[in-house]
$ cat input-v5.txt   # compact mmCIF, C-alpha atoms and all ligand atoms
# COMPACT_ATOMS: atom_id res chain seq x y z
CA MET A 1 0.00 0.00 0.00
CA THR A 2 1.61 3.26 -1.10
CA ASP A 3 0.81 6.68 0.27
CA ALA A 4 3.05 8.61 -2.14
CA GLN A 5 0.30 10.85 -3.52
CA SER A 6 -1.06 11.61 -0.05
CA ARG A 7 2.46 12.49 1.10
CA SER A 8 3.03 14.79 -1.80
CA LEU A 9 -0.32 16.53 -1.35
CA LEU A 10 0.33 16.90 2.37
CA ALA A 11 3.70 18.53 1.68
CA GLU A 12 2.02 21.17 -0.47
CA ALA A 13 -1.01 21.48 1.81
CA ALA A 14 1.24 22.09 4.81
CA ARG A 15 2.67 25.16 3.04
CA LEU A 16 -0.77 26.54 2.22
CA ILE A 17 -3.03 25.42 5.07
CA PRO A 18 -2.05 25.34 8.78
CA GLY A 19 -1.00 21.76 9.48
CA GLY A 20 -2.18 20.85 5.99
CA VAL A 21 -5.78 20.29 7.10
CA ASN A 22 -8.95 22.28 7.65
CA SER A 23 -9.90 20.57 10.91
CA PRO A 24 -7.22 19.35 13.33
CA VAL A 25 -8.04 15.68 13.97
CA ARG A 26 -7.76 14.93 10.24
CA ALA A 27 -3.99 15.42 10.48
CA PHE A 28 -3.37 12.03 12.18
CA GLY A 29 -1.60 13.94 14.99
CA ALA A 30 -2.82 11.46 17.61
CA VAL A 31 -1.76 8.35 15.67
CA GLY A 32 1.20 9.56 13.60
CA GLY A 33 1.80 8.92 9.91
CA THR A 34 0.45 10.59 6.80
CA PRO A 35 -3.22 11.49 6.62
CA ARG A 36 -4.81 9.92 3.56
CA PHE A 37 -6.19 12.40 1.07
CA LEU A 38 -9.48 10.89 0.02
CA ALA A 39 -10.64 11.05 -3.58
CA ARG A 40 -13.91 9.20 -3.67
CA GLY A 41 -16.51 7.45 -1.55
CA SER A 42 -19.34 5.09 -2.34
CA GLY A 43 -21.51 3.30 0.21
CA SER A 44 -19.29 1.94 2.97
CA ARG A 45 -16.06 2.44 0.98
CA VAL A 46 -13.60 5.26 0.41
CA TRP A 47 -10.61 5.47 -1.92
CA ASP A 48 -7.54 7.62 -1.36
CA VAL A 49 -5.56 9.49 -3.99
CA ASP A 50 -3.13 6.55 -4.28
CA GLY A 51 -6.03 4.26 -5.20
CA ASN A 52 -6.17 2.37 -1.87
CA GLU A 53 -9.63 1.18 -0.87
CA TYR A 54 -10.88 1.21 2.72
CA VAL A 55 -13.99 0.22 4.61
CA ASP A 56 -14.82 3.61 6.11
CA CYS A 57 -15.65 3.64 9.82
CA VAL A 58 -15.57 7.44 10.14
CA GLY A 59 -18.47 8.43 7.91
CA SER A 60 -17.28 12.05 7.86
CA TRP A 61 -17.58 12.01 11.69
CA GLY A 62 -21.26 11.23 11.74
CA PRO A 63 -23.27 12.68 8.86
CA LEU A 64 -23.17 9.67 6.53
CA ILE A 65 -25.72 7.33 8.10
CA LEU A 66 -26.76 6.36 4.55
CA GLY A 67 -23.17 5.86 3.41
CA HIS A 68 -21.17 7.82 0.84
CA ALA A 69 -22.81 9.34 -2.21
CA ARG A 70 -26.24 7.82 -1.74
CA PRO A 71 -27.74 8.38 -5.24
CA GLU A 72 -31.06 9.91 -4.06
CA VAL A 73 -29.22 12.38 -1.82
CA VAL A 74 -26.74 13.35 -4.55
CA GLU A 75 -29.59 13.75 -7.03
CA ALA A 76 -31.58 15.96 -4.64
CA ALA A 77 -28.53 18.19 -4.10
CA CYS A 78 -27.82 18.44 -7.85
CA GLU A 79 -31.41 19.26 -8.64
CA ALA A 80 -31.45 22.01 -6.03
CA ALA A 81 -28.12 23.40 -7.25
CA ARG A 82 -29.38 23.61 -10.82
CA LEU A 83 -32.19 25.88 -9.62
CA GLY A 84 -29.78 28.23 -7.89
CA THR A 85 -27.36 27.54 -5.06
CA THR A 86 -28.30 30.38 -2.72
CA PHE A 87 -30.72 33.29 -2.65
CA GLY A 88 -30.56 34.90 0.76
CA ALA A 89 -34.35 34.80 0.63
CA PRO A 90 -36.77 32.23 2.04
CA THR A 91 -37.21 29.01 0.05
CA GLU A 92 -39.68 26.14 0.16
CA GLY A 93 -36.94 23.66 1.02
CA GLU A 94 -36.48 25.31 4.43
CA VAL A 95 -40.15 24.82 5.23
CA LEU A 96 -40.04 21.18 4.14
CA LEU A 97 -36.93 20.49 6.22
CA ALA A 98 -38.34 22.30 9.27
CA ARG A 99 -41.52 20.25 8.93
CA ALA A 100 -39.50 17.00 8.74
CA ILE A 101 -37.47 17.99 11.81
CA THR A 102 -40.48 18.91 13.94
CA LYS A 103 -42.26 15.72 12.88
CA ALA A 104 -39.29 13.49 13.78
CA ILE A 105 -38.53 15.31 17.05
CA PRO A 106 -41.75 16.61 18.63
CA SER A 107 -39.97 18.62 21.37
CA ILE A 108 -38.83 20.88 18.53
CA GLU A 109 -41.84 23.09 17.90
CA SER A 110 -39.88 25.71 16.04
CA VAL A 111 -36.40 25.51 14.51
CA ARG A 112 -33.71 27.81 13.10
CA LEU A 113 -31.27 26.53 10.48
CA VAL A 114 -27.61 27.56 10.55
CA ASN A 115 -24.42 26.33 8.88
CA SER A 116 -22.64 24.18 11.46
CA GLY A 117 -23.08 22.52 14.80
CA THR A 118 -20.72 25.05 16.35
CA GLU A 119 -22.91 27.92 15.21
CA ALA A 120 -26.09 26.19 16.40
CA VAL A 121 -24.67 25.66 19.91
CA MET A 122 -23.47 29.28 20.16
CA SER A 123 -26.86 30.57 19.16
CA ALA A 124 -28.79 28.21 21.45
CA ILE A 125 -26.70 29.36 24.41
CA ARG A 126 -27.37 33.00 23.60
CA LEU A 127 -31.06 32.21 23.47
CA ALA A 128 -31.01 30.24 26.74
CA ARG A 129 -29.25 33.15 28.44
CA ALA A 130 -31.72 35.66 27.08
CA TYR A 131 -34.72 33.53 28.06
CA THR A 132 -33.58 32.85 31.61
CA GLU A 133 -31.81 36.19 32.10
CA ARG A 134 -28.93 34.19 33.58
CA THR A 135 -25.37 33.67 32.41
CA LYS A 136 -23.87 30.34 33.46
CA VAL A 137 -23.73 27.21 31.32
CA VAL A 138 -23.11 23.77 32.79
CA LYS A 139 -21.27 21.40 30.46
CA PHE A 140 -19.60 18.03 30.90
CA GLU A 141 -15.92 17.16 30.97
CA GLY A 142 -14.82 15.62 27.67
CA ALA A 143 -17.96 16.72 25.82
CA TYR A 144 -17.56 18.68 22.59
CA HIS A 145 -19.99 21.31 21.44
CA GLY A 146 -18.02 22.98 18.68
CA HIS A 147 -15.18 25.45 18.96
CA SER A 148 -16.85 28.60 20.31
CA ASP A 149 -14.78 30.48 22.90
CA GLY A 150 -16.92 29.94 25.99
CA LEU A 151 -17.04 26.18 25.55
CA LEU A 152 -13.29 25.61 25.19
CA ALA A 153 -13.25 25.25 28.96
CA ARG A 154 -12.05 22.79 31.53
CA ALA A 155 -12.98 22.51 35.16
CA GLY A 156 -11.38 24.85 37.66
CA SER A 157 -9.87 23.59 40.90
CA GLY A 158 -13.19 22.48 42.40
CA LEU A 159 -16.75 21.78 41.38
CA ALA A 160 -18.82 24.88 40.84
CA THR A 161 -15.77 27.02 40.20
CA LEU A 162 -15.10 29.07 37.10
CA GLY A 163 -14.14 27.26 33.92
CA LEU A 164 -10.63 27.83 32.64
CA PRO A 165 -9.72 28.24 28.96
CA THR A 166 -8.24 25.17 27.25
CA CYS A 167 -7.02 27.17 24.30
CA PRO A 168 -4.76 30.19 23.80
CA GLY A 169 -6.72 33.14 22.47
CA VAL A 170 -9.68 32.48 24.76
CA PRO A 171 -9.65 35.12 27.53
CA PRO A 172 -10.40 33.67 31.00
CA PRO A 173 -13.54 35.80 31.42
CA TRP A 174 -15.01 34.11 28.31
CA THR A 175 -14.94 30.68 30.01
CA ALA A 176 -15.72 31.93 33.51
CA GLU A 177 -19.42 31.52 32.76
CA THR A 178 -18.93 27.84 31.90
CA VAL A 179 -19.08 25.27 34.68
CA VAL A 180 -17.54 21.90 33.82
CA VAL A 181 -18.66 18.76 35.66
CA PRO A 182 -17.97 15.03 35.14
CA TYR A 183 -20.35 13.16 32.84
CA ASN A 184 -22.64 10.58 34.44
CA ASP A 185 -22.27 12.18 37.86
CA PRO A 186 -25.69 13.44 39.05
CA ASP A 187 -24.26 14.36 42.47
CA ALA A 188 -21.80 16.76 40.84
CA VAL A 189 -24.66 18.35 38.93
CA GLU A 190 -26.65 18.68 42.12
CA THR A 191 -23.70 20.28 43.90
CA VAL A 192 -23.34 22.84 41.13
CA PHE A 193 -27.04 23.66 41.21
CA GLY A 194 -26.82 23.88 44.99
CA SER A 195 -24.23 26.63 44.88
CA LEU A 196 -25.00 28.38 41.57
CA GLY A 197 -28.62 27.44 40.88
CA GLU A 198 -29.90 30.97 40.41
CA GLU A 199 -27.17 31.79 37.92
CA ILE A 200 -27.45 28.78 35.65
CA ALA A 201 -29.06 29.47 32.27
CA CYS A 202 -28.79 25.94 30.95
CA VAL A 203 -27.32 22.49 31.19
CA LEU A 204 -25.74 21.58 27.86
CA ALA A 205 -25.30 17.84 27.34
CA GLU A 206 -24.61 15.29 24.66
CA PRO A 207 -27.31 12.76 25.63
CA VAL A 208 -24.89 10.07 24.48
CA ALA A 209 -21.33 11.35 24.72
CA GLY A 210 -19.59 10.91 21.39
CA ASN A 211 -16.52 13.08 21.65
CA MET A 212 -14.64 11.37 24.48
CA GLY A 213 -15.21 8.20 22.52
CA VAL A 214 -18.72 6.81 22.92
CA VAL A 215 -20.00 6.92 26.50
CA PRO A 216 -23.65 6.03 27.12
CA PRO A 217 -25.62 7.92 29.77
CA ALA A 218 -25.91 5.92 32.99
CA GLU A 219 -29.39 4.78 33.97
CA GLY A 220 -31.32 7.81 35.18
CA PHE A 221 -28.57 10.35 34.42
CA LEU A 222 -30.49 12.24 31.73
CA ASP A 223 -33.59 12.23 33.94
CA SER A 224 -31.53 13.74 36.73
CA LEU A 225 -30.49 16.58 34.41
CA ARG A 226 -34.11 17.18 33.48
CA THR A 227 -35.17 17.27 37.12
CA ALA A 228 -32.29 19.44 38.36
CA SER A 229 -32.59 22.04 35.59
CA GLU A 230 -36.35 22.29 35.86
CA LYS A 231 -36.20 22.71 39.63
CA ALA A 232 -33.68 25.53 39.29
CA GLY A 233 -35.47 27.31 36.45
CA ALA A 234 -32.67 26.51 34.01
CA LEU A 235 -33.11 25.10 30.50
CA LEU A 236 -32.01 21.64 29.43
CA VAL A 237 -30.23 21.72 26.08
CA PHE A 238 -29.43 18.46 24.32
CA ASP A 239 -26.64 18.63 21.79
CA GLU A 240 -27.87 15.98 19.38
CA VAL A 241 -25.48 16.94 16.57
CA ILE A 242 -24.27 13.32 16.51
CA THR A 243 -27.19 11.48 18.09
CA GLY A 244 -30.02 13.22 16.22
CA PHE A 245 -31.47 10.77 13.65
CA ARG A 246 -28.72 8.27 14.55
CA VAL A 247 -29.47 6.60 17.87
CA HIS A 248 -33.19 6.70 17.08
CA ALA A 249 -35.30 8.32 14.36
CA GLY A 250 -36.40 10.81 17.04
CA GLY A 251 -32.91 11.33 18.48
CA ALA A 252 -31.52 10.28 21.84
CA GLN A 253 -34.40 12.11 23.53
CA ALA A 254 -36.78 9.55 22.05
CA ALA A 255 -34.45 6.63 22.80
CA TYR A 256 -34.12 7.63 26.47
CA GLY A 257 -37.49 9.30 26.98
CA VAL A 258 -36.15 12.61 28.28
CA THR A 259 -37.43 15.83 26.74
CA PRO A 260 -35.09 18.83 26.56
CA ASP A 261 -36.18 22.45 26.18
CA LEU A 262 -33.83 23.03 23.26
CA THR A 263 -32.15 20.60 20.87
CA ILE A 264 -29.13 21.12 18.66
CA LEU A 265 -28.80 19.25 15.38
CA GLY A 266 -26.21 19.00 12.62
CA LYS A 267 -24.26 16.27 10.82
CA ILE A 268 -26.95 13.82 9.51
CA LEU A 269 -29.36 16.75 9.10
CA GLY A 270 -27.33 18.11 6.15
CA GLY A 271 -27.03 14.84 4.26
CA GLY A 272 -23.29 15.51 3.89
CA PHE A 273 -23.55 19.28 3.35
CA PRO A 274 -22.74 21.99 5.92
CA ILE A 275 -25.69 22.56 8.24
CA GLY A 276 -26.69 23.02 11.85
CA ALA A 277 -30.00 23.69 13.56
CA PHE A 278 -31.35 24.55 16.96
CA GLY A 279 -34.94 24.37 18.03
CA GLY A 280 -37.34 23.55 20.80
CA ARG A 281 -40.12 25.15 22.81
CA ARG A 282 -41.96 27.80 20.84
CA ASP A 283 -42.02 30.30 23.71
CA ILE A 284 -38.22 30.18 23.82
CA MET A 285 -37.64 30.14 20.05
CA ASP A 286 -39.97 33.11 19.60
CA MET A 287 -37.39 35.26 21.37
CA LEU A 288 -35.18 34.99 18.26
CA ALA A 289 -35.02 37.83 15.75
CA PRO A 290 -37.08 38.80 13.87
CA SER A 291 -39.94 37.63 16.12
CA GLY A 292 -38.00 38.60 19.23
CA PRO A 293 -34.97 40.60 20.38
CA VAL A 294 -32.24 37.90 20.34
CA TYR A 295 -30.09 38.51 17.27
CA GLN A 296 -29.03 35.61 15.09
CA ALA A 297 -28.43 35.58 11.32
CA GLY A 298 -26.59 33.91 8.44
CA THR A 299 -25.97 34.63 4.74
CA LEU A 300 -26.10 30.96 3.76
CA SER A 301 -28.45 29.76 6.51
CA GLY A 302 -31.13 27.43 5.16
CA ASN A 303 -29.02 26.90 2.05
CA PRO A 304 -31.15 25.24 -0.66
CA VAL A 305 -28.59 22.55 -1.55
CA ALA A 306 -28.01 21.54 2.09
CA CYS A 307 -31.76 21.58 2.78
CA ALA A 308 -32.46 19.36 -0.24
CA ALA A 309 -29.76 16.84 0.71
CA GLY A 310 -30.92 16.87 4.32
CA LEU A 311 -34.55 16.42 3.40
CA ALA A 312 -33.71 13.53 1.06
CA THR A 313 -31.76 11.92 3.91
CA LEU A 314 -34.55 12.30 6.45
CA ARG A 315 -37.10 10.96 3.96
CA LEU A 316 -34.96 7.90 3.24
CA LEU A 317 -34.51 7.31 6.96
CA GLU A 318 -38.26 7.52 7.39
CA SER A 319 -39.11 5.16 4.51
CA GLU A 320 -36.30 2.64 5.03
CA THR A 321 -36.19 2.64 8.85
CA PRO A 322 -32.62 1.31 9.02
CA HIS A 323 -32.21 1.80 12.77
CA GLY A 324 -33.07 -1.78 13.80
CA MET A 325 -30.70 -3.23 11.24
CA LEU A 326 -27.98 -0.73 12.25
CA GLU A 327 -28.44 -1.71 15.89
CA ARG A 328 -28.00 -5.42 15.12
CA ARG A 329 -25.10 -4.97 12.75
CA THR A 330 -23.19 -2.61 15.03
CA GLY A 331 -23.92 -5.00 17.91
CA ARG A 332 -22.22 -7.75 15.90
CA LEU A 333 -19.28 -5.45 15.25
CA ALA A 334 -18.94 -4.68 18.96
CA ASP A 335 -19.10 -8.39 19.82
CA GLY A 336 -16.55 -9.20 17.10
CA LEU A 337 -14.14 -6.56 18.39
CA ARG A 338 -14.51 -7.79 21.99
CA LYS A 339 -13.85 -11.35 20.88
CA ALA A 340 -10.82 -10.33 18.80
CA ALA A 341 -9.38 -8.52 21.82
CA ARG A 342 -10.08 -11.48 24.11
CA ASP A 343 -8.42 -13.89 21.68
CA ALA A 344 -5.40 -11.62 21.44
CA GLY A 345 -5.23 -11.12 25.19
CA VAL A 346 -5.50 -7.34 24.88
CA SER A 347 -7.54 -5.46 27.51
CA VAL A 348 -10.22 -3.33 25.92
CA TRP A 349 -13.55 -1.81 26.81
CA VAL A 350 -16.14 -1.42 24.06
CA ASN A 351 -18.96 1.09 24.45
CA ARG A 352 -21.72 0.99 21.88
CA VAL A 353 -24.99 2.86 21.48
CA ALA A 354 -26.99 2.13 18.32
CA SER A 355 -24.62 2.60 15.35
CA MET A 356 -21.85 4.40 17.23
CA LEU A 357 -19.08 2.64 19.14
CA THR A 358 -15.60 3.04 20.57
CA LEU A 359 -13.00 0.42 21.42
CA PHE A 360 -11.01 1.81 24.35
CA PHE A 361 -7.60 0.34 25.14
CA THR A 362 -8.17 0.19 28.87
CA ASP A 363 -9.06 -2.39 31.50
CA GLN A 364 -11.53 0.01 33.12
CA ILE A 365 -15.22 0.50 32.52
CA VAL A 366 -15.46 3.74 30.56
CA SER A 367 -18.24 5.90 31.96
CA ASN A 368 -16.81 9.42 31.78
CA TYR A 369 -13.81 11.37 30.56
CA ALA A 370 -11.52 10.34 33.43
CA THR A 371 -12.00 6.65 32.68
CA ALA A 372 -11.77 7.20 28.90
CA ALA A 373 -8.47 8.96 29.54
CA THR A 374 -6.98 5.80 31.10
CA SER A 375 -6.77 4.40 27.55
CA ASP A 376 -3.36 3.42 26.19
CA LEU A 377 -3.02 5.87 23.29
CA LYS A 378 0.11 4.20 21.91
CA ARG A 379 -1.84 0.98 21.58
CA TYR A 380 -4.65 2.81 19.84
CA ALA A 381 -2.15 4.31 17.37
CA ARG A 382 -0.72 0.85 16.59
CA PHE A 383 -4.22 -0.57 16.22
CA PHE A 384 -5.22 2.31 13.94
CA HIS A 385 -2.25 1.70 11.63
CA GLY A 386 -2.69 -2.07 11.73
CA MET A 387 -6.28 -1.57 10.59
CA LEU A 388 -5.39 1.04 7.96
CA ALA A 389 -2.83 -1.32 6.44
CA ARG A 390 -5.59 -3.94 6.22
CA GLY A 391 -8.03 -1.62 4.50
CA VAL A 392 -10.08 -0.31 7.43
CA TYR A 393 -10.25 3.44 7.94
CA LEU A 394 -10.84 4.11 11.66
CA PRO A 395 -11.08 7.48 13.37
CA PRO A 396 -7.49 8.69 13.86
CA SER A 397 -8.05 9.24 17.58
CA GLN A 398 -8.98 7.08 20.55
CA PHE A 399 -11.56 9.66 21.63
CA GLU A 400 -13.82 9.47 18.60
CA ALA A 401 -16.63 7.18 17.54
CA ILE A 402 -16.77 4.52 14.88
CA PHE A 403 -19.91 5.18 12.85
CA VAL A 404 -21.67 2.36 11.02
CA SER A 405 -23.86 3.28 8.05
CA ALA A 406 -26.82 1.55 6.44
CA THR A 407 -24.43 0.56 3.62
CA HIS A 408 -22.09 -1.42 5.87
CA SER A 409 -22.93 -5.04 5.05
CA ASP A 410 -22.49 -8.11 7.19
CA GLU A 411 -19.45 -8.81 4.99
CA ASP A 412 -18.03 -5.39 5.88
CA VAL A 413 -18.51 -6.13 9.57
CA GLY A 414 -16.78 -9.50 9.11
CA PHE A 415 -13.94 -7.82 7.24
CA ILE A 416 -13.44 -5.26 10.03
CA CYS A 417 -13.48 -7.99 12.71
CA GLU A 418 -10.94 -10.10 10.80
CA ALA A 419 -8.66 -7.12 10.38
CA ALA A 420 -9.05 -6.38 14.10
CA GLN A 421 -8.15 -9.96 14.98
CA ALA A 422 -4.85 -9.56 13.10
CA ALA A 423 -4.14 -5.99 14.22
CA LEU A 424 -4.82 -6.80 17.89
CA GLY A 425 -2.66 -9.91 17.59
CA GLU A 426 0.24 -7.68 16.53
CA ILE A 427 -0.32 -5.42 19.51
CA ALA A 428 -0.25 -8.35 21.91
CA SER A 429 2.94 -9.80 20.52
CA PRO A 430 6.14 -8.29 21.96
CA GLN A 431 7.71 -8.55 18.46
CA GLY A 432 5.02 -6.26 17.06
CA GLN A 433 6.36 -3.52 14.84
CA PRO A 434 6.30 -0.13 16.50
CA CYS A 435 4.47 2.23 14.22
C1 LIG B 501 -19.55 17.76 15.58
C2 LIG B 501 -20.17 18.26 16.81
C3 LIG B 501 -20.43 19.63 17.00
C4 LIG B 501 -19.91 20.68 16.06
O1 LIG B 501 -20.49 20.62 14.79
P1 LIG B 501 -19.71 21.29 13.57
O2 LIG B 501 -20.67 21.17 12.43
O3 LIG B 501 -18.45 20.51 13.40
O4 LIG B 501 -19.43 22.70 13.95
C5 LIG B 501 -21.15 20.01 18.11
N1 LIG B 501 -21.60 19.12 19.00
C6 LIG B 501 -21.37 17.80 18.86
C7 LIG B 501 -21.90 16.85 19.87
C8 LIG B 501 -20.62 17.34 17.78
O5 LIG B 501 -20.34 16.04 17.67

$ encode --input "input-v5.txt" --output "structure tokens" --more "lines below"
Ligand SMILES: *Cc1c(COP(=O)(O)O)cnc(C)c1O
Amino acid sequence: MTDAQSRSLLAEAARLIPGGVNSPVRAFGAVGGTPRFLARGSGSRVWDVDGNEYVDCVGSWGPLILGHARPEVVEAACEAARLGTTFGAPTEGEVLLARAITKAIPSIESVRLVNSGTEAVMSAIRLARAYTERTKVVKFEGAYHGHSDGLLARAGSGLATLGLPTCPGVPPPWTAETVVVPYNDPDAVETVFGSLGEEIACVLAEPVAGNMGVVPPAEGFLDSLRTASEKAGALLVFDEVITGFRVHAGGAQAAYGVTPDLTILGKILGGGFPIGAFGGRRDIMDMLAPSGPVYQAGTLSGNPVACAAGLATLRLLESETPHGMLERRTGRLADGLRKAARDAGVSVWVNRVASMLTLFFTDQIVSNYATAATSDLKRYARFFHGMLARGVYLPPSQFEAIFVSATHSDEDVGFICEAAQAALGEIASPQGQPC
């Protein structure tokens, strides 16, 4: 397997683009080696510029639940583009997509479309602050909600203390309104509400964590967030950018039976095009301009091509109902990976929810960021490269999810498990090649 073309493109890209990539994790920084420049995708497969074929387990980080280049989605996007790619005026497609969203997720009575998950989260927080006339946001350690300043925060020295910036360029006052608590820890949430209750505008949570690797909510955890926020007069905001339309047709809120006040969507919603959305209770959403005073805008918001691709995706999900099949197939993948690790004598912990999963190289049960962080990252890097060499494209970081699409066949799952058997065998053997 050669990577000569990828290497040569990376050399030029690195001169023109910081780090050679337009989003950091693509650079293979956590696993080493040369990121593959991808040329083409179809169904469950991608091909790089050197012509290597891979079973893709990244799915563009979540959007591609129907696989790459699903013909109906591509056709819908092309048809929309032929009629004009953007108008900066209302279009019918926005109404159709909003109708599809509110039908799939009934807690969303009214919805605003934006261009990315990051933008949707920023805007939802502004709205939550305006509605509650409070400032503080509770988020969870290891959760990701896009790259806006206030959310690039880590916990201060104790619970209920000011968040500290995790990134140069973010002034400490920008994160001081963010309170960071451990995921799956209702007592920590209660403590924070106990000391800051009156100041908390919202609790912002991934209902299934997907950005510390996959971590399911513990029994009753989401309910505890609902109860605590309601009692304190704060809003509950679910960031369903990954989980929306993936863990259930109605999102994680349907799967777990917990209703947030506001929901954030992205990824699958755009059918592979840039999009984000936030929506929820009408009385809250009505505070947005132009019906209310909270400013929010976007030149390309509700873009006709993204709306058409998103609508085609939601319609296919509705007519084909792939979630049961995805559940079973991803379950088999999780079992296959556990068995491969057992056979190889390598300690792993596999978390899976619906069609998202992570294989952690740890002997601990992974239930939050601290336990995810016990993973052996060198082992993950060797596993990643062992799989890549065998034609399986995994996320180039331990702390990301494998996404299975409706186009991943039983044969694909078998192929991934066989590759894992061999790659994990290499890791276990002391003669294994360092990567
Ligand atoms: C990807 C992601 C975002 C950010 O979405 P972008 O479109 O990349 O800005 C926000 N929240 C969650 C949970 C995500 O996984």

$ residues_near_point --input "input-v5.txt" --point "(0.6, 5.4, 21.8)" --cutoff "10 Å" --atoms "only C-alpha atoms" --output "PyMOL selection string"
chain A and resi 30-32+375-383+398+434-435

$ atom_distance --input "input-v5.txt" --atom1 "CA of Val95 (chain A)" --atom2 "CA of Arg112 (chain A)"
10.6 Å

$ residues_near_ligand --input "input-v5.txt" --ligand "ligand LIG 501 (chain B)" --cutoff "10 Å" --atoms "all atoms listed in the file" --output "JSON list (two decimals) with C-alpha atoms, in the coordinates of the input"
[["chain", "number", "residue", "atom", "x", "y", "z"],
["A", 23, "SER", "CA", -9.90, 20.57, 10.91],
["A", 60, "SER", "CA", -17.28, 12.05, 7.86],
["A", 61, "TRP", "CA", -17.58, 12.01, 11.69],
["A", 62, "GLY", "CA", -21.26, 11.23, 11.74],
["A", 63, "PRO", "CA", -23.27, 12.68, 8.86],
["A", 114, "VAL", "CA", -27.61, 27.56, 10.55],
["A", 115, "ASN", "CA", -24.42, 26.33, 8.88],
["A", 116, "SER", "CA", -22.64, 24.18, 11.46],
["A", 117, "GLY", "CA", -23.08, 22.52, 14.80],
["A", 118, "THR", "CA", -20.72, 25.05, 16.35],
["A", 119, "GLU", "CA", -22.91, 27.92, 15.21],
["A", 120, "ALA", "CA", -26.09, 26.19, 16.40],
["A", 121, "VAL", "CA", -24.67, 25.66, 19.91],
["A", 122, "MET", "CA", -23.47, 29.28, 20.16],
["A", 143, "ALA", "CA", -17.96, 16.72, 25.82],
["A", 144, "TYR", "CA", -17.56, 18.68, 22.59],
["A", 145, "HIS", "CA", -19.99, 21.31, 21.44],
["A", 146, "GLY", "CA", -18.02, 22.98, 18.68],
["A", 147, "HIS", "CA", -15.18, 25.45, 18.96],
["A", 148, "SER", "CA", -16.85, 28.60, 20.31],
["A", 205, "ALA", "CA", -25.30, 17.84, 27.34],
["A", 206, "GLU", "CA", -24.61, 15.29, 24.66],
["A", 207, "PRO", "CA", -27.31, 12.76, 25.63],
["A", 208, "VAL", "CA", -24.89, 10.07, 24.48],
["A", 209, "ALA", "CA", -21.33, 11.35, 24.72],
["A", 210, "GLY", "CA", -19.59, 10.91, 21.39],
["A", 211, "ASN", "CA", -16.52, 13.08, 21.65],
["A", 238, "PHE", "CA", -29.43, 18.46, 24.32],
["A", 239, "ASP", "CA", -26.64, 18.63, 21.79],
["A", 240, "GLU", "CA", -27.87, 15.98, 19.38],
["A", 241, "VAL", "CA", -25.48, 16.94, 16.57],
["A", 242, "ILE", "CA", -24.27, 13.32, 16.51],
["A", 243, "THR", "CA", -27.19, 11.48, 18.09],
["A", 244, "GLY", "CA", -30.02, 13.22, 16.22],
["A", 264, "ILE", "CA", -29.13, 21.12, 18.66],
["A", 265, "LEU", "CA", -28.80, 19.25, 15.38],
["A", 266, "GLY", "CA", -26.21, 19.00, 12.62],
["A", 267, "LYS", "CA", -24.26, 16.27, 10.82],
["A", 270, "GLY", "CA", -27.33, 18.11, 6.15],
["A", 273, "PHE", "CA", -23.55, 19.28, 3.35],
["A", 274, "PRO", "CA", -22.74, 21.99, 5.92],
["A", 275, "ILE", "CA", -25.69, 22.56, 8.24],
["A", 276, "GLY", "CA", -26.69, 23.02, 11.85],
["A", 277, "ALA", "CA", -30.00, 23.69, 13.56],
["A", 400, "GLU", "CA", -13.82, 9.47, 18.60],
["A", 401, "ALA", "CA", -16.63, 7.18, 17.54]]

$ closest_residue --input "input-v5.txt" --among "A:Cys417, A:Val258, A:Val49, A:Val237" --to "Thr2 (chain A)" --atoms "only C-alpha atoms"
A:Val49

$ atom_distance --input "input-v5.txt" --atom1 "CA of His323 (chain A)" --atom2 "CA of Ala254 (chain A)"
12.9 Å

$ atom_distance --input "input-v5.txt" --atom1 "CA of Tyr393 (chain A)" --atom2 "CA of Gly29 (chain A)"
15.3 Å

$ closest_residue --input "input-v5.txt" --among "A:Val247, A:Val189, A:Ala76, A:Ala419" --to "Leu222 (chain A)" --atoms "only C-alpha atoms"
A:Val189

$ closest_residue --input "input-v5.txt" --among "A:Leu152, A:Leu236, A:Leu388, A:Cys167" --to "Ser107 (chain A)" --atoms "all atoms listed in the file"
A:Leu236

$ closest_residue --input "input-v5.txt" --among "A:Ile416, A:Val215, A:Leu113, A:Leu262" --to "Ala340 (chain A)" --atoms "all atoms listed in the file"
A:Ile416

$ closest_residue --input "input-v5.txt" --among "A:Thr191, A:Ser405, A:Thr358, A:Glu198" --to "Ser42 (chain A)" --atoms "only C-alpha atoms"
A:Ser405

$ residues_around --input "input-v5.txt" --residues "Met325 (chain A)" --least-positions-apart "4" --cutoff "10 Å" --atoms "only C-alpha atoms" --output "PDB file with C-alpha atoms, in the frame of the given file"
ATOM      1  CA  THR A 321     -36.190   2.640   8.850  1.00  0.00           C
ATOM      2  CA  ARG A 329     -25.100  -4.970  12.750  1.00  0.00           C
ATOM      3  CA  THR A 330     -23.190  -2.610  15.030  1.00  0.00           C
ATOM      4  CA  GLY A 331     -23.920  -5.000  17.910  1.00  0.00           C
ATOM      5  CA  ALA A 354     -26.990   2.130  18.320  1.00  0.00           C
ATOM      6  CA  SER A 355     -24.620   2.600  15.350  1.00  0.00           C
ATOM      7  CA  SER A 405     -23.860   3.280   8.050  1.00  0.00           C
ATOM      8  CA  ALA A 406     -26.820   1.550   6.440  1.00  0.00           C
TER       9      ALA A 406
END

$ residues_near_point --input "input-v5.txt" --point "(-42.8, 23.8, 21.4)" --cutoff "10 Å" --atoms "only C-alpha atoms" --output "PyMOL selection string"
chain A and resi 102+106-111+261-262+279-286
